[in-house]
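What follows is one structure encoded as C-alpha cells, with my remarks underneath.
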Amino acid sequence: MGADIYGGPAEALPEEANTGNLVPAAVSRYERTSRSLKHGDTFAVFDHNGDALSSPSNPEGIFHRDTRHLSQFVLTLNGVRPLLLSSTLRDDNATLECDLTNPALVLDAGGEVLKHDLIHVRRTRFLWKEACYERLVLRNYDEMPRTVNVELDFAADFADLFEVRGTSRSRRGSYHIPLVGNDRVLLAYDGLDGRTRSTALRFDPVPQTLSGAKARFVVALAPHQAKSIFIEIICRDRQENRNPPSFNFFLALRDARRALRYSSSRAAAIVSSNAVFNEAVRRSAADLYVLLTETPEGPYPYAGIPWFSTVFGRDALITALETLWLDPEIAKGVLRHLAANQATHFDPVADAEPGKILHEMRYGEMAELGEVPFRRYYGSIDSTPLFIILAGAYLDRTGDLQTVRSLWPHVVAALDWIDRFGDRDADGFVEYGSRTAKGLVNQGWKDSHDSIFHADGRLAAGPIALAEVQAYVFGAWQAAAGLSRKLGHVDDALRFEQRAEDLRIRFDKAFFDEELATYVLALDGEKNPCRVRSSNAGHALFTGIALPERAGKVVSTLMAQSSFCGWGVRTIAASEARYNPMSYHNGSVWPHDNALIASGFVRYGFRIEAASIFEGLFAASTYIDLRRLPELFCGFARKRVRGPTFYPVSCVPQAWAAAAPLYLLQSMIGLGFDPDRGHVTLNEPTLPPFLDEVVLTRLRTSSGLVDVALRRARSQVVVDVLERKGQVKVTTTH
C-alpha cells in the first residue's frame with residue numbers, strides 16, 4: 001500500500017465537491033510501496049524500513065479517527081538510515097517485521113569505520129487499542145564490542161485525513177509546546193472543533209537525550225549481544241475518555257493476537273490443491289479480519305486503508321454479502337450498525353432522507369466543522385436497497401428470525417424511502433441527485449464526477465437512474481417478500497413480489513439496448529439512455545432482474561475483448577468515448593465488481609465465463625505483493641509473462657476486494673444453505689482450471705458444522721463429506 005500522495009479527492013474540495021472518492025495522483029504509491037497495520041479506529045502506514053517520512057500529501061504515519069497523530073518516525077544509526085534486508089507482515093496481519101542492517105558507518109572523529117552488515121536491527125510493530133507498540137532489537141555480529149547511536153526522529157502534524165488527501169485549509173488550530181519527561185513526550189493539538197488530540201510517546205530504556213522531536217540512545221553491544229528498545233505511541237482524542245494502554249509490549253502483543261484469532265475463528269477455512277491460491281485466500285481472510293472493527297452493534301468491515309478506514313455503507317454491505325457464507329456474524333454486525341444509523345429526518349447538507357442508509361461516517365476535525373459533509377453522510381443511492389438485500393440474504397443463510405424481527409422496522413423504513421424519496425419523479429425507477437453543493441454528484445458505486453456519460457462522452461445530467469441500482473431495487477423487493485413471508489406477512493409478500501416483477505418488465509423496456517446487446521449504463525434526467533457498454537450491466541445478472549433471454553447477450557458483451565481485458569471485466573468497454581484504462585472508473589478493473597458479475601453469470605448458467613473471471617483475478621493476485629487484490633488496477637490488456645498494471649493510489653487492503661476471491665469460490669461451487677432443514681447445498685459445483693481440489697472446513701449451519709471436499713473427476717466435481725458435528729446434511733445437484 002502506498003506512499004507519496006497524490007492530490008486530494010474532489011469530494012473534499014468545496015469548488016469540486018462532486019468528483020467522488022477519486023484520489024488524484026501526483027506520485028504513484030508504487031514508487032514507495034509501504035506496509036499497513038490496523039486495529040479498531042487506528043491505522044498506520046509505514047515504508048518497508050518501518051519509517052514514516054513526512055512530506056506533502058504522503059499517507060504514511062499513524063492515524064486515529066481520521067487524524068494523523070504521527071506524521072514522521074525515522075530510525076537512524078549514527079545519523080544514517082539502515083539498509084533494508086526484508087519487510088513483511090505476518091500471515092494474519094498481526095505484526096509488521098522489518099529486518100535492517102548497518103551501512104558502512106564512521107564511528108568517531110578519528111575515522112574508525114564499522115563495516116556494513118555487522119549490526120542487525122529487527123523492528124517488530126503492531127497496533128492495539130489506539131496505540132502502536134514497537135520492539136527494536138539490535139544485535140552485534142562483529143567480533144569486537146561496538147557502540148551505536150540510535151536516533152528516532154518524530155513529529156505529529158495532526159492533519160485531518162482530508163488534508164492528507166490534498167484538501168487545503170484556510171485555518172487550522174493551534175499546537176501545544178511538546179511536554180518532555182524523563183522517558184516520554186506528549187504532543188498535542190487544539191482543533192477548531194474544540195477537541196484536543198494528543199500523541200504520547202514512551203521509551204524503555206530511558207533515552208540518553210530526549211526532546212520534543214528526537215529520542216537518542218547510545219547502545220553498547222558486546223560481540224553477539226542483543227539489546228532491546230521498546231517504544232509505545234498512544235493516540236488520544238480526549239473526548240474518548242478511555243484509560244491509556246499499559247506499557248507492556250508482550251502483554252499487548254498477546255492480547256492483540258488473541259483478539260484477532262478469536263475474531264477469525266468464526267470463519268470457515270479453505271485449503272486447495274493450489275499452494276499459491278492458498279496463500280491468496282489466507283491473505284484475503286487476514287485482510288478482511290484486520291479491517292473488521294468492533295462497534296456497539298457488532299463487527300463492521302471498514303472499507304480500506306488508507307483513505308477509507310471508516311464506516312462506509314455500500315462497501316460494508318457488499319463485503320458482508322461476499323462473506324455471508326464464510327462468517328454471517330459480519331453481516332449481522334453490518335445490518336445492526338447501519339440500522340442504528342439509518343436516517344430519520346431530512347438534512348440536505350448530509351443528503352439525508354427518512355429511511356435512507358448511511359454512505360460514510362467521519363470523525364476528523366474537518367468533518368466536525370462541516371468543511372466536508374461526511375461526518376454522517378447519506379449520499380449513496382444504492383446503500384438502501386443493498387441493506388434490504390443483505391437482510392434477506394442473512395435470513396436465508398442463518399434462519400435468525402430474532403435478529404430479523406429487530407431489523408424489520410428498519411427494512412420497512414428503507415422500503416418506504418425507495419417509494420417516497422428514491423423515485424424522485426414517480427416513473428418507477430430510483431434516481432439520485434445531491435441536495436448539497438458539497439455532496440457527491442454521482443452517488444452509485446462509480447462516484448467519480450465523469451463516470452456517468454453518454455455515447456458521445458457528454459456527462460449525464462441528473463437526476464440519474466443507474467442500471468445496477470434498478471437491479472438492486474428489484475433484489476430489495478424480492479428480499480422484502482422473502483422476509484415478509486418468514487415473518488408471517490403473506491399479503492405484503494405477494495405485494496412485494498409483484499413490485500419486483502413490475503420493475504423487471506419496466507427495466508427491460510427502458511434499459512435494454514438491442515444494438516449494444518446489453519443494458520445501458522443509465523437514464524439521465526430527461527430519461528435519455530446513456531448508451532454505454534459498462535460493467536454495471538453485469539449487476540442486472542447478479543440480482544436476477546435480467547430476463548433469461550437477455551442473459552446470453554449481456555454475458556457475450558461483457559466477455560468481448562473490448563470489455564474483458566484478461567484480468568477481469570473493465571468498468572467500461574474500450575470502445576467507449578471516455579475509456580481510459582488508467583482512470584478510476586472509466587476502464588479500470590475492480591475485483592468486487594467482477595465478483596458480483598461472476599455471481600450473475602453463474603445464476604444464469606454461464607459457469608465457464610465465470611471461471612474465466614475467477615482465473616483472471618487469481619492470476620493478477622500472483623503478481624501483487626503479499627497476493628493482495630487491491631481496490632482496483634488498470635484495465636490494460638493482459639499480456640503473456642506480464643502482470644497487471646497497478647493503479648497509482650489504489651487502497652490496499654480493501655475489504656470488498658479482499659472478499660472477492662471468497663465470493664468467487666462460493667459462486668463457482670454453488671454453495672448455499674437451507675437453515676430450516678440444516679442443509680448445506682452445492683448446486684452444479686464447478687472448479688476453475690487452476691483448482692483440482694478444494695476443502696472447506698467449519699462450514700456452520702443452524703444445526704452444526706461440516707467439512708466438505710470437492711475434487712475434480714474429469715468433467716464432474718465429486719463432493720465428499722469429511723466430518724460433521726450435529727445434524728448437518730450436504731446435498732449436491734448436477
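Residues are named by chain letter and number: chains run A, B, ... in the order of the C-alpha cells, numbers start at 1 in each chain, and ligands are numbered from 1 in the order shown.
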Legend entry - Spatial neighbours of stretch 701-705 of chain A, 7 Å, only C-alpha atoms, chain gap at least 5 places, as a VMD selection string: chain A and resid 398 675 678 724 to 728
Go ahead and write the selection's residues with C-alpha atoms as an mmCIF file, in the first residue's frame.
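See out_32.cif below for the written result:
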data_model
loop_
_atom_site.group_PDB
_atom_site.id
_atom_site.type_symbol
_atom_site.label_atom_id
_atom_site.label_comp_id
_atom_site.auth_asym_id
_atom_site.auth_seq_id
_atom_site.Cartn_x
_atom_site.Cartn_y
_atom_site.Cartn_z
ATOM 1 C CA THR A 398 -28.893 -18.297 9.145
ATOM 2 C CA PRO A 675 -31.233 -23.267 7.676
ATOM 3 C CA GLY A 678 -29.972 -27.726 8.393
ATOM 4 C CA ARG A 724 -19.783 -33.383 10.582
ATOM 5 C CA LYS A 725 -20.862 -32.246 14.015
ATOM 6 C CA GLY A 726 -24.580 -32.141 14.579
ATOM 7 C CA GLN A 727 -27.444 -32.926 12.222
ATOM 8 C CA VAL A 728 -25.997 -31.419 9.053
#
Legend entry - Every residue of stretch 262-348 of chain A that DSSP places in helix (DSSP H, G or I), as a PyMOL selection string: chain A and resi 262-264+275-291+313-323+328-340+348
Dump C-alpha atoms for the selected residues as a compact mmCIF listing (two decimals), in the first residue's frame?
# COMPACT_ATOMS: atom_id res chain seq x y z
CA TYR A 262 -10.92 -15.13 18.26
CA SER A 263 -12.48 -12.95 15.57
CA SER A 264 -11.22 -15.03 12.64
CA ALA A 275 -0.43 -23.59 -2.97
CA VAL A 276 -0.44 -20.08 -4.44
CA PHE A 277 -4.22 -19.88 -4.24
CA ASN A 278 -3.98 -20.96 -0.61
CA GLU A 279 -1.66 -18.02 0.05
CA ALA A 280 -4.04 -15.63 -1.70
CA VAL A 281 -7.06 -16.91 0.23
CA ARG A 282 -5.23 -16.71 3.56
CA ARG A 283 -4.28 -13.12 2.82
CA SER A 284 -7.85 -12.31 1.78
CA ALA A 285 -9.19 -13.65 5.05
CA ALA A 286 -6.46 -11.91 7.06
CA ASP A 287 -7.18 -8.59 5.34
CA LEU A 288 -10.89 -9.00 5.96
CA TYR A 289 -10.45 -9.61 9.68
CA VAL A 290 -7.89 -6.88 10.22
CA LEU A 291 -10.34 -4.42 8.63
CA GLY A 313 -22.45 1.69 3.91
CA ARG A 314 -22.19 0.35 0.38
CA ASP A 315 -18.74 -1.18 0.83
CA ALA A 316 -19.66 -2.99 4.03
CA LEU A 317 -22.96 -4.27 2.63
CA ILE A 318 -21.26 -5.77 -0.41
CA THR A 319 -18.41 -7.15 1.71
CA ALA A 320 -20.98 -8.77 4.01
CA LEU A 321 -22.77 -10.32 1.03
CA GLU A 322 -19.47 -11.68 -0.29
CA THR A 323 -18.59 -13.25 3.07
CA PRO A 328 -22.56 -14.49 8.92
CA GLU A 329 -21.65 -12.50 12.07
CA ILE A 330 -20.15 -9.87 9.77
CA ALA A 331 -23.48 -9.38 8.01
CA LYS A 332 -25.27 -9.23 11.35
CA GLY A 333 -22.93 -6.52 12.61
CA VAL A 334 -23.26 -4.52 9.39
CA LEU A 335 -27.05 -4.69 9.40
CA ARG A 336 -27.38 -3.72 13.05
CA HIS A 337 -24.87 -0.85 12.82
CA LEU A 338 -26.42 0.61 9.69
CA ALA A 339 -29.90 0.24 11.20
CA ALA A 340 -28.71 2.18 14.26
CA PRO A 348 -29.94 18.40 2.85
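Among A:Pro644, A:Gly364, A:Pro301, A:Gly370, the residue with the shortest atom-to-atom distance to A:Arg65, counting only C-alpha atoms, is A:Gly364.
Contact shell of A:Ala256 at 6 Å (only C-alpha atoms; same-chain neighbours under 3 positions omitted): Trp128, Leu253 and Ala259 of chain A.
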DSSP strand (DSSP E or B) residues within stretch 360-392 of chain A, as a short mmCIF file (atom, residue, chain, number, x, y, z; two decimals) with C-alpha atoms, in the first residue's frame:
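Below is the file that was written, result11.cif:
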data_model
loop_
_atom_site.label_atom_id
_atom_site.label_comp_id
_atom_site.auth_asym_id
_atom_site.auth_seq_id
_atom_site.Cartn_x
_atom_site.Cartn_y
_atom_site.Cartn_z
CA GLU A 360 -19.97 7.35 5.08
CA MET A 361 -19.09 8.41 8.63
CA ARG A 376 -22.59 11.37 8.82
CA TYR A 377 -23.31 11.41 5.11
#
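Atom to atom, atom CA of A:Glu60 and atom CA of A:Arg123 stand 16.9 Å apart.
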Inset, instruction - For A:Lys509, work out the shell of residues within 12 Å, counting only C-alpha atoms and skipping chain neighbours fewer than 2 positions away, then give it as JSON, numbers by chain. - result: {"A": [502, 503, 504, 505, 506, 507, 511, 512, 513, 514, 519, 520, 529, 546, 547, 550]}
